[in-house]
Amino acid sequence: MGEFRREEIVGLLGVILVTIGLVTNSYNKIHPSLITLFVMFCIFGFGFISKIQFQREVDWPFLIFMASAVSITATIKYLEMDAWLSGYLAVITSYSTSGVMFLSLICGITLIARFFLPIAPAVVLLSTIFIPLSVKQGVNPWLVAFIILVAADMWFIPYQNSFYIIFEEAGLINNQLFYNRAKFIVYNFFIGLIKIGSFYISIPYWKSLGLL
């Protein structure tokens with residue numbers, strides 16, 4: 001690939017500096033955002049990246065999405081909507097007599113929520129609500145986050161998955177799909193059932209780790 005360019009060396013140094021700052025955060029007490037901003041301004045200020053590159057080559061849609069996800073969580077907590085919703089959902093989870101039933105309820109609620117919400121808002125909202133409830137149920141919060149992420153990623157109707165919609169649009173040849181759409185949907189349905197089955201197969205292992 002040739003020798004390192006000046007920009008690549010500076011970028012590597014920036015990554016190392018950010019990593020050191022994150023690892024030693026408990027000692028230096030410097031907020032990670034200040035470290036990343038310092039590195040960004042150094043790279044931009046000393047001309048290692050141009051204004052046009054900064055505008056065009058930075059993945060702004062992803063950054064805006066991440067900022068929105070963090071803001072949604074902060075807004076829900078600020079408005080105490082998580083406590084309000086948890087109060088209603090506590091009635092549902094009160095019927096769970098074990099950690100397994102609690103996780104089953106979370107999986108079911110996540111699957112239902114995905115019919116009405118895109119994956120990102122569903123994950124953020126349900127994680128904010130259910131992770132605090134996991135402590136009362138004796139379930140490790142990691143398991144709750146894992147169940148929500150995997151269940152939210154499942155889809156049974158094409159509109160639930162934006163990647164499939166893009167794939168379907170790219171799969172048109174002479175205005176016809178190059179594959180059997182009905183068979184693909186049925187195949188994906190069984191893949192979803194396998195994922196749900198894997199939850200229950202993993203329960204003994206999770207119990208051996210003390211997560212349940």
# chains A, B, ... in the order shown; residues from 1 in each chain; ligands from 1
$ residues_around --residues "range 137-150 of chain A" --least-positions-apart "5" --cutoff "6 Å" --atoms "only C-alpha atoms" --output "VMD selection string"
chain A and resid 99 131 211 to 212
$ select_by_dssp --residues "chain A" --states "strand (DSSP E or B)" --output "PyMOL selection string"
chain A and resi 172-173+176-177
$ write_last_selection --atoms "all heavy atoms" --output "PDB file, in the first residue's frame"
ATOM      1  N   LEU A 172     -33.897  -5.596  -9.137  1.00  0.00           N
ATOM      2  CA  LEU A 172     -34.801  -5.545 -10.283  1.00  0.00           C
ATOM      3  C   LEU A 172     -34.019  -5.674 -11.588  1.00  0.00           C
ATOM      4  O   LEU A 172     -33.068  -4.938 -11.832  1.00  0.00           O
ATOM      5  CB  LEU A 172     -35.591  -4.240 -10.272  1.00  0.00           C
ATOM      6  CG  LEU A 172     -36.636  -4.073  -9.162  1.00  0.00           C
ATOM      7  CD1 LEU A 172     -37.229  -2.676  -9.192  1.00  0.00           C
ATOM      8  CD2 LEU A 172     -37.751  -5.115  -9.313  1.00  0.00           C
ATOM      9  N   ILE A 173     -34.403  -6.634 -12.406  1.00  0.00           N
ATOM     10  CA  ILE A 173     -33.852  -6.802 -13.748  1.00  0.00           C
ATOM     11  C   ILE A 173     -35.022  -6.806 -14.720  1.00  0.00           C
ATOM     12  O   ILE A 173     -35.872  -7.698 -14.679  1.00  0.00           O
ATOM     13  CB  ILE A 173     -33.049  -8.114 -13.871  1.00  0.00           C
ATOM     14  CG1 ILE A 173     -31.869  -8.105 -12.882  1.00  0.00           C
ATOM     15  CG2 ILE A 173     -32.544  -8.293 -15.297  1.00  0.00           C
ATOM     16  CD1 ILE A 173     -31.067  -9.384 -12.903  1.00  0.00           C
ATOM     17  N   GLN A 176     -38.281  -6.892 -12.962  1.00  0.00           N
ATOM     18  CA  GLN A 176     -38.631  -8.151 -12.311  1.00  0.00           C
ATOM     19  C   GLN A 176     -37.503  -8.558 -11.369  1.00  0.00           C
ATOM     20  O   GLN A 176     -36.324  -8.372 -11.668  1.00  0.00           O
ATOM     21  CB  GLN A 176     -38.873  -9.255 -13.347  1.00  0.00           C
ATOM     22  CG  GLN A 176     -40.143  -9.063 -14.172  1.00  0.00           C
ATOM     23  CD  GLN A 176     -40.392 -10.228 -15.104  1.00  0.00           C
ATOM     24  OE1 GLN A 176     -39.517 -11.073 -15.301  1.00  0.00           O
ATOM     25  NE2 GLN A 176     -41.578 -10.288 -15.669  1.00  0.00           N
ATOM     26  N   LEU A 177     -37.878  -9.123 -10.211  1.00  0.00           N
ATOM     27  CA  LEU A 177     -36.879  -9.574  -9.257  1.00  0.00           C
ATOM     28  C   LEU A 177     -36.177 -10.822  -9.779  1.00  0.00           C
ATOM     29  O   LEU A 177     -36.800 -11.671 -10.412  1.00  0.00           O
ATOM     30  CB  LEU A 177     -37.531  -9.882  -7.904  1.00  0.00           C
ATOM     31  CG  LEU A 177     -38.101  -8.680  -7.142  1.00  0.00           C
ATOM     32  CD1 LEU A 177     -38.856  -9.155  -5.912  1.00  0.00           C
ATOM     33  CD2 LEU A 177     -36.987  -7.734  -6.726  1.00  0.00           C
TER      34      LEU A 177
END
$ residues_around --residues "range 40-51 of chain A" --least-positions-apart "5" --cutoff "9 Å" --atoms "only C-alpha atoms" --output "ChimeraX atom specification"
/A:6-7,10-11,14,35,56
$ write_last_selection --atoms "N, CA and C atoms" --output "PDB file, in the first residue's frame"
ATOM      1  N   ARG A   6       1.214  11.825   5.219  1.00  0.00           N
ATOM      2  CA  ARG A   6       1.195  12.690   6.383  1.00  0.00           C
ATOM      3  C   ARG A   6      -0.172  12.671   7.059  1.00  0.00           C
ATOM      4  N   GLU A   7      -1.237  12.688   6.262  1.00  0.00           N
ATOM      5  CA  GLU A   7      -2.584  12.683   6.812  1.00  0.00           C
ATOM      6  C   GLU A   7      -2.875  11.395   7.575  1.00  0.00           C
ATOM      7  N   VAL A  10      -1.042  11.478  10.976  1.00  0.00           N
ATOM      8  CA  VAL A  10      -1.752  12.354  11.915  1.00  0.00           C
ATOM      9  C   VAL A  10      -3.046  11.692  12.383  1.00  0.00           C
ATOM     10  N   GLY A  11      -3.765  11.029  11.464  1.00  0.00           N
ATOM     11  CA  GLY A  11      -4.984  10.331  11.848  1.00  0.00           C
ATOM     12  C   GLY A  11      -4.712   9.220  12.843  1.00  0.00           C
ATOM     13  N   GLY A  14      -4.027  10.683  16.156  1.00  0.00           N
ATOM     14  CA  GLY A  14      -5.279  11.125  16.760  1.00  0.00           C
ATOM     15  C   GLY A  14      -6.036   9.976  17.408  1.00  0.00           C
ATOM     16  N   ILE A  35     -11.596  15.650  24.439  1.00  0.00           N
ATOM     17  CA  ILE A  35     -10.425  15.054  23.785  1.00  0.00           C
ATOM     18  C   ILE A  35     -10.680  14.902  22.286  1.00  0.00           C
ATOM     19  N   ARG A  56     -17.900  16.839   2.907  1.00  0.00           N
ATOM     20  CA  ARG A  56     -18.375  15.747   2.064  1.00  0.00           C
ATOM     21  C   ARG A  56     -18.015  14.355   2.570  1.00  0.00           C
TER      22      ARG A  56
END
$ closest_residue --among "A:Thr75, A:Asn180, A:Ser127, A:Thr110" --to "Ala152 in chain A" --atoms "only C-alpha atoms"
A:Thr110
$ residues_around --residues "Ser162 in chain A" --least-positions-apart "6" --cutoff "10 Å" --atoms "only C-alpha atoms" --output "VMD selection string"
chain A and resid 118 to 119 168
$ write_last_selection --atoms "C-alpha atoms" --output "PDB file, in the first residue's frame"
ATOM      1  CA  PRO A 118     -38.235   1.603  13.116  1.00  0.00           C
ATOM      2  CA  ILE A 119     -35.400  -0.363  14.669  1.00  0.00           C
ATOM      3  CA  GLU A 168     -35.191  -5.413  -3.416  1.00  0.00           C
TER       4      GLU A 168
END
$ closest_residue --among "A:Val23, A:Leu12, A:Ile72, A:Ile165" --to "Ala120 in chain A" --atoms "only C-alpha atoms"
A:Ile72
$ residues_around --residues "Ile109 in chain A" --least-positions-apart "5" --cutoff "10 Å" --atoms "only C-alpha atoms" --output "list in words"
Leu103, Ser104, Arg114, Leu126, Ile148, Ala151 and Ala152 of chain A
$ atom_distance --atom1 "CA of Ile185 in chain A" --atom2 "CA of Phe156 in chain A"
7.1 Å
$ closest_residue --among "A:His31, A:Phe167, A:Tyr78, A:Ser26" --to "Tyr179 in chain A" --atoms "only C-alpha atoms"
A:Phe167
$ select_by_dssp --residues "range 100-177 of chain A" --states "helix (DSSP H, G or I)" --output "number ranges by chain"
A: 100-113, 119-136, 141-153, 158-160, 162-170
$ atom_distance --atom1 "CA of Tyr200 in chain A" --atom2 "CA of Phe102 in chain A"
12.4 Å
$ atom_distance --atom1 "CA of Phe189 in chain A" --atom2 "CA of Val124 in chain A"
24.3 Å
$ closest_residue --among "A:Asn28, A:Asn161, A:Thr128, A:Asn175" --to "Phe115 in chain A" --atoms "only C-alpha atoms"
A:Asn161
$ closest_residue --among "A:Val100, A:Ala83, A:Ile157, A:Ile76" --to "Pro121 in chain A" --atoms "only C-alpha atoms"
A:Ile76
$ decode --residues "range 47-63 of chain A" --atoms "N, CA, C and O atoms" --output "JSON list (two decimals), in the first residue's frame"
[["chain", "number", "residue", "atom", "x", "y", "z"],
["A", 47, "GLY", "N", -4.73, 22.06, 8.79],
["A", 47, "GLY", "CA", -4.88, 21.83, 7.36],
["A", 47, "GLY", "C", -4.67, 20.40, 6.90],
["A", 47, "GLY", "O", -4.44, 20.17, 5.71],
["A", 48, "PHE", "N", -4.78, 19.44, 7.82],
["A", 48, "PHE", "CA", -4.64, 18.04, 7.40],
["A", 48, "PHE", "C", -5.91, 17.53, 6.72],
["A", 48, "PHE", "O", -5.91, 16.49, 6.08],
["A", 49, "ILE", "N", -6.99, 18.26, 6.87],
["A", 49, "ILE", "CA", -8.23, 17.95, 6.17],
["A", 49, "ILE", "C", -8.81, 19.27, 5.68],
["A", 49, "ILE", "O", -8.84, 20.26, 6.41],
["A", 50, "SER", "N", -9.25, 19.29, 4.44],
["A", 50, "SER", "CA", -9.77, 20.52, 3.86],
["A", 50, "SER", "C", -11.24, 20.72, 4.25],
["A", 50, "SER", "O", -11.91, 19.82, 4.75],
["A", 51, "LYS", "N", -11.70, 21.93, 3.96],
["A", 51, "LYS", "CA", -13.09, 22.26, 4.26],
["A", 51, "LYS", "C", -14.04, 21.39, 3.44],
["A", 51, "LYS", "O", -15.07, 20.92, 3.94],
["A", 52, "ILE", "N", -13.69, 21.16, 2.18],
["A", 52, "ILE", "CA", -14.54, 20.33, 1.31],
["A", 52, "ILE", "C", -14.58, 18.89, 1.81],
["A", 52, "ILE", "O", -15.64, 18.25, 1.84],
["A", 53, "GLN", "N", -13.42, 18.35, 2.21],
["A", 53, "GLN", "CA", -13.38, 17.00, 2.76],
["A", 53, "GLN", "C", -14.21, 16.92, 4.04],
["A", 53, "GLN", "O", -14.91, 15.93, 4.27],
["A", 54, "PHE", "N", -14.11, 17.94, 4.87],
["A", 54, "PHE", "CA", -14.86, 17.97, 6.12],
["A", 54, "PHE", "C", -16.36, 17.95, 5.87],
["A", 54, "PHE", "O", -17.13, 17.34, 6.61],
["A", 55, "GLN", "N", -16.78, 18.61, 4.80],
["A", 55, "GLN", "CA", -18.20, 18.68, 4.48],
["A", 55, "GLN", "C", -18.71, 17.41, 3.80],
["A", 55, "GLN", "O", -19.82, 16.96, 4.07],
["A", 56, "ARG", "N", -17.90, 16.84, 2.91],
["A", 56, "ARG", "CA", -18.38, 15.75, 2.06],
["A", 56, "ARG", "C", -18.01, 14.36, 2.57],
["A", 56, "ARG", "O", -18.78, 13.41, 2.37],
["A", 57, "GLU", "N", -16.86, 14.21, 3.22],
["A", 57, "GLU", "CA", -16.37, 12.88, 3.55],
["A", 57, "GLU", "C", -16.69, 12.44, 4.97],
["A", 57, "GLU", "O", -16.48, 11.28, 5.32],
["A", 58, "VAL", "N", -17.16, 13.34, 5.80],
["A", 58, "VAL", "CA", -17.61, 12.96, 7.14],
["A", 58, "VAL", "C", -19.02, 12.39, 7.02],
["A", 58, "VAL", "O", -19.87, 12.95, 6.31],
["A", 59, "ASP", "N", -19.27, 11.28, 7.70],
["A", 59, "ASP", "CA", -20.58, 10.63, 7.63],
["A", 59, "ASP", "C", -21.57, 11.38, 8.53],
["A", 59, "ASP", "O", -21.92, 10.94, 9.63],
["A", 60, "TRP", "N", -22.02, 12.53, 8.03],
["A", 60, "TRP", "CA", -22.92, 13.37, 8.84],
["A", 60, "TRP", "C", -24.26, 12.70, 9.15],
["A", 60, "TRP", "O", -24.77, 12.86, 10.27],
["A", 61, "PRO", "N", -24.89, 11.97, 8.22],
["A", 61, "PRO", "CA", -26.17, 11.30, 8.57],
["A", 61, "PRO", "C", -26.02, 10.36, 9.77],
["A", 61, "PRO", "O", -26.89, 10.33, 10.65],
["A", 62, "PHE", "N", -24.91, 9.61, 9.82],
["A", 62, "PHE", "CA", -24.71, 8.70, 10.95],
["A", 62, "PHE", "C", -24.50, 9.48, 12.24],
["A", 62, "PHE", "O", -25.04, 9.11, 13.30],
["A", 63, "LEU", "N", -23.72, 10.57, 12.18],
["A", 63, "LEU", "CA", -23.49, 11.37, 13.39],
["A", 63, "LEU", "C", -24.78, 12.00, 13.89],
["A", 63, "LEU", "O", -25.04, 12.05, 15.10]]
